[in-house]
Structures are given as structure tokens and as C-alpha cells.
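These notes concern the structure reproduced below.
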Amino acid sequence: MAIYSLQHKSIGLSTHPPGTAAAHIRYIMRAGTVRKTLVNGYAGDEISDIVRAINKAEKVERRNARMLDKIMVALPLELTEGQREKAVTLFLKELTDDQVPWVAAFHDLGKDASNPHSHIAIRDRHLETGRVYCDLNKQGSTQKIRVLWQDVLNRVLAESGVDVRVDHRSLQDQGIDRKPGKHQGPRFPKKTAKK
């Protein structure tokens with residue numbers, strides 16, 4: 001059964017300390033967790049170029065600017081690595097029209113082998129004009145993104161010959177009477193009290 005999970009959050013200058021957007025990109029790209037990285041829209045393919053671009057933007061943006069949109073999507077175990085990359089690439093192409101910079105990091109190594117997912121960072125500013133392009137700051141944008149990921153993922157599942165589909169709606173809205181599974185996410189050891 002293919003799983004569906006998408007989280008969408010933003011990093012803004014008025015809601016986060018300076019440097020948070022660049023730190024998030026460094027975090028999702030940290031060694032040992034990333035199998036592959038896809039980069040679009042920056043002059044270079046180096047993460048340092050992306051971090052520099054974000055840091056430069058922080059200095060010239062208005063005080064309440066939205067610096068980065070963070071999207072995390074679960075990737076179905078039923079798909080191969082290449083098929084997962086295709087799904088994320090198609091999703092970002094349809095979402096951004098290749099007009100804004102984005103980075104996608106694929107986490108499917110080690111403990112994430114049974115919990116494959118991709119962290120996506122989007123700077124919703126047109127590459128030439130610098131204006132907001134995808135309207136990720138508008139009301140309803142998360143719902144739009146959720147439906148788009150569902151549609152793209154179902155298309156890739158069908159093209160790959162996988163006979164399952166995903167649905168962005170809650171189990172209750174789908175009329176399914178069961179509790180949802182938990183996203184595995186990082187597990188931190190509990191602190192024990194000192195005796």
C-alpha cells in the first residue's frame with residue numbers, strides 16, 4: 001500500500017532568526033543522510049552557492065519576507081529510486097514551471113531505507129524578475145500542493161505498472177474507518193532521570 005504524506009511550512013524573516021533558511025538547506029543536505037540531490041535554478045550546483053544566494057537575499061528582503069518554503073514528501077516503497085526521482089522532478093516542474101530555484105534531497109539510506117522521503121526547499125522568487133511566482137504564500141496553497149503531489153505520484157505509479165494509488169484526503173474524508181499510520185520521522189532517545 002503506497003503511503004501519502006506531505007508537509008508544507010515556511011521560513012520567514014519575521015518568524016525565524018537570520019540564517020535559518022540557509023541552515024535548513026545545509027541540514028537537509030548533510031552527509032550520510034542524502035543519497036542524491038537535485039538542484040534547479042541556481043548558478044551553480046554546489047550547496048554553498050545556494051546558501052550564499054539565500055544569505056544574500058536575507059540582506060535585501062523586506063523585514064517580513066518569506067525566505068523559503070519547506071516541503072517534505074513521503075516516497076512510496078513500491079517505486080524504484082529512479083521512479084521516485086522522476087515523481088519529485090515532475091512535481092517540481094509542474095509547481096514551479098522551472099521559473100524559481102529549488103533543491104530536493106532524497107533521504108532513503110540507512111534507517112530511512114524503509115521510510116524514503118524527500119526534503120524540498122523552494123525559494124518562491126522568479127529567477128529573472130525576483131517576484132513571487134508560485135503563490136506559495138497564498139491561502140489554500142498547501143491544499144493545491146497536496147493535490148498536485150497526489151496527481152503526479154499517481155501518474156508515476158500508473159506509468160511504473162504499480163497497481164496502487166494515493167489520496168491526499170484524510171482517512172475520514174475517504175470514508176475509511178481506521179486510524180492513520182504515524183510518519184516514522186527521526187527518533188530521539190529519551191532522556192533518563194539521574195539517580
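Chain labels A, B, ... are given in the sequence in which chains occur in the C-alpha cells; within each chain residues are numbered consecutively from 1, and ligands are likewise numbered from 1 in the order shown.
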
Residue neighbourhood Arg35 (chain A), 8 Å, only C-alpha atoms, exclusion window fewer than 5 positions, as a PyMOL selection string: chain A and resi 105-109

Okay, now the selection with N, CA and C atoms, as a short mmCIF file (atom, residue, chain, number, x, y, z; two decimals), in the first residue's frame?
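New file part.cif:
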```cif
data_model
loop_
_atom_site.label_atom_id
_atom_site.label_comp_id
_atom_site.auth_asym_id
_atom_site.auth_seq_id
_atom_site.Cartn_x
_atom_site.Cartn_y
_atom_site.Cartn_z
N ALA A 105 16.33 16.94 -1.72
CA ALA A 105 17.27 15.98 -1.14
C ALA A 105 16.53 14.68 -0.88
N PHE A 106 17.08 13.57 -1.38
CA PHE A 106 16.44 12.27 -1.23
C PHE A 106 17.06 11.53 -0.04
N HIS A 107 16.25 11.27 0.96
CA HIS A 107 16.68 10.56 2.16
C HIS A 107 16.10 9.15 2.09
N ASP A 108 16.94 8.19 1.73
CA ASP A 108 16.49 6.80 1.66
C ASP A 108 17.64 5.84 1.95
N LEU A 109 18.58 6.30 2.77
CA LEU A 109 19.72 5.48 3.17
C LEU A 109 19.57 5.01 4.61
#
```

Nearby residues (only C-alpha atoms) at most 7 Å from Arg123 (chain A), same-chain spacing under 2 positions excluded, as an NGL selection string: :A and (67-69 or 100-102 or 121 or 125)

Length of the CA of Asp124 (chain A) to CA of Glu58 (chain A) vector [Å]: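 Between these atoms lies a distance of 13.6 Å.
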
DSSP alpha helix (DSSP H) residues within region 58-145 of chain A, as number ranges by chain: A: 58-60, 81-96, 141-145

Residues near region 135-142 of chain A, cut-off 10 Å, only C-alpha atoms, skip fewer than 2 positions along chain, as a PyMOL selection string: chain A and resi 6-10+66+68-69+71+95-96+122-125+131-133+144-148

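Between CA of Asp98 (chain A) and CA of Asn40 (chain A) the separation is 7.5 Å.
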
Those in region 82-170 of chain A with strand (DSSP E or B) from DSSP, as number ranges by chain: A: 102-107, 117-122

Output file for the residues above (N, CA and C atoms, as a compact mmCIF listing (two decimals), in the first residue's frame):
```
# COMPACT_ATOMS: atom_id res chain seq x y z
N TRP A 102 14.91 25.72 -6.67
CA TRP A 102 14.52 24.69 -5.71
C TRP A 102 15.65 23.68 -5.53
N VAL A 103 15.57 22.98 -4.41
CA VAL A 103 16.52 21.93 -4.08
C VAL A 103 15.71 20.75 -3.53
N ALA A 104 16.02 19.55 -3.97
CA ALA A 104 15.37 18.35 -3.44
C ALA A 104 16.45 17.38 -2.97
N ALA A 105 16.33 16.94 -1.72
CA ALA A 105 17.27 15.98 -1.14
C ALA A 105 16.53 14.68 -0.88
N PHE A 106 17.08 13.57 -1.38
CA PHE A 106 16.44 12.27 -1.23
C PHE A 106 17.06 11.53 -0.04
N HIS A 107 16.25 11.27 0.96
CA HIS A 107 16.68 10.56 2.16
C HIS A 107 16.10 9.15 2.09
N HIS A 117 11.96 9.43 1.80
CA HIS A 117 11.27 10.71 1.68
C HIS A 117 12.20 11.73 1.03
N SER A 118 11.62 12.83 0.61
CA SER A 118 12.41 13.89 0.01
C SER A 118 12.10 15.20 0.71
N HIS A 119 13.16 15.92 1.05
CA HIS A 119 13.03 17.27 1.58
C HIS A 119 13.23 18.23 0.41
N ILE A 120 12.30 19.15 0.24
CA ILE A 120 12.33 20.10 -0.86
C ILE A 120 12.36 21.51 -0.28
N ALA A 121 13.24 22.34 -0.80
CA ALA A 121 13.30 23.74 -0.41
C ALA A 121 13.07 24.58 -1.66
N ILE A 122 12.10 25.48 -1.60
CA ILE A 122 11.76 26.33 -2.74
C ILE A 122 11.87 27.79 -2.34
```
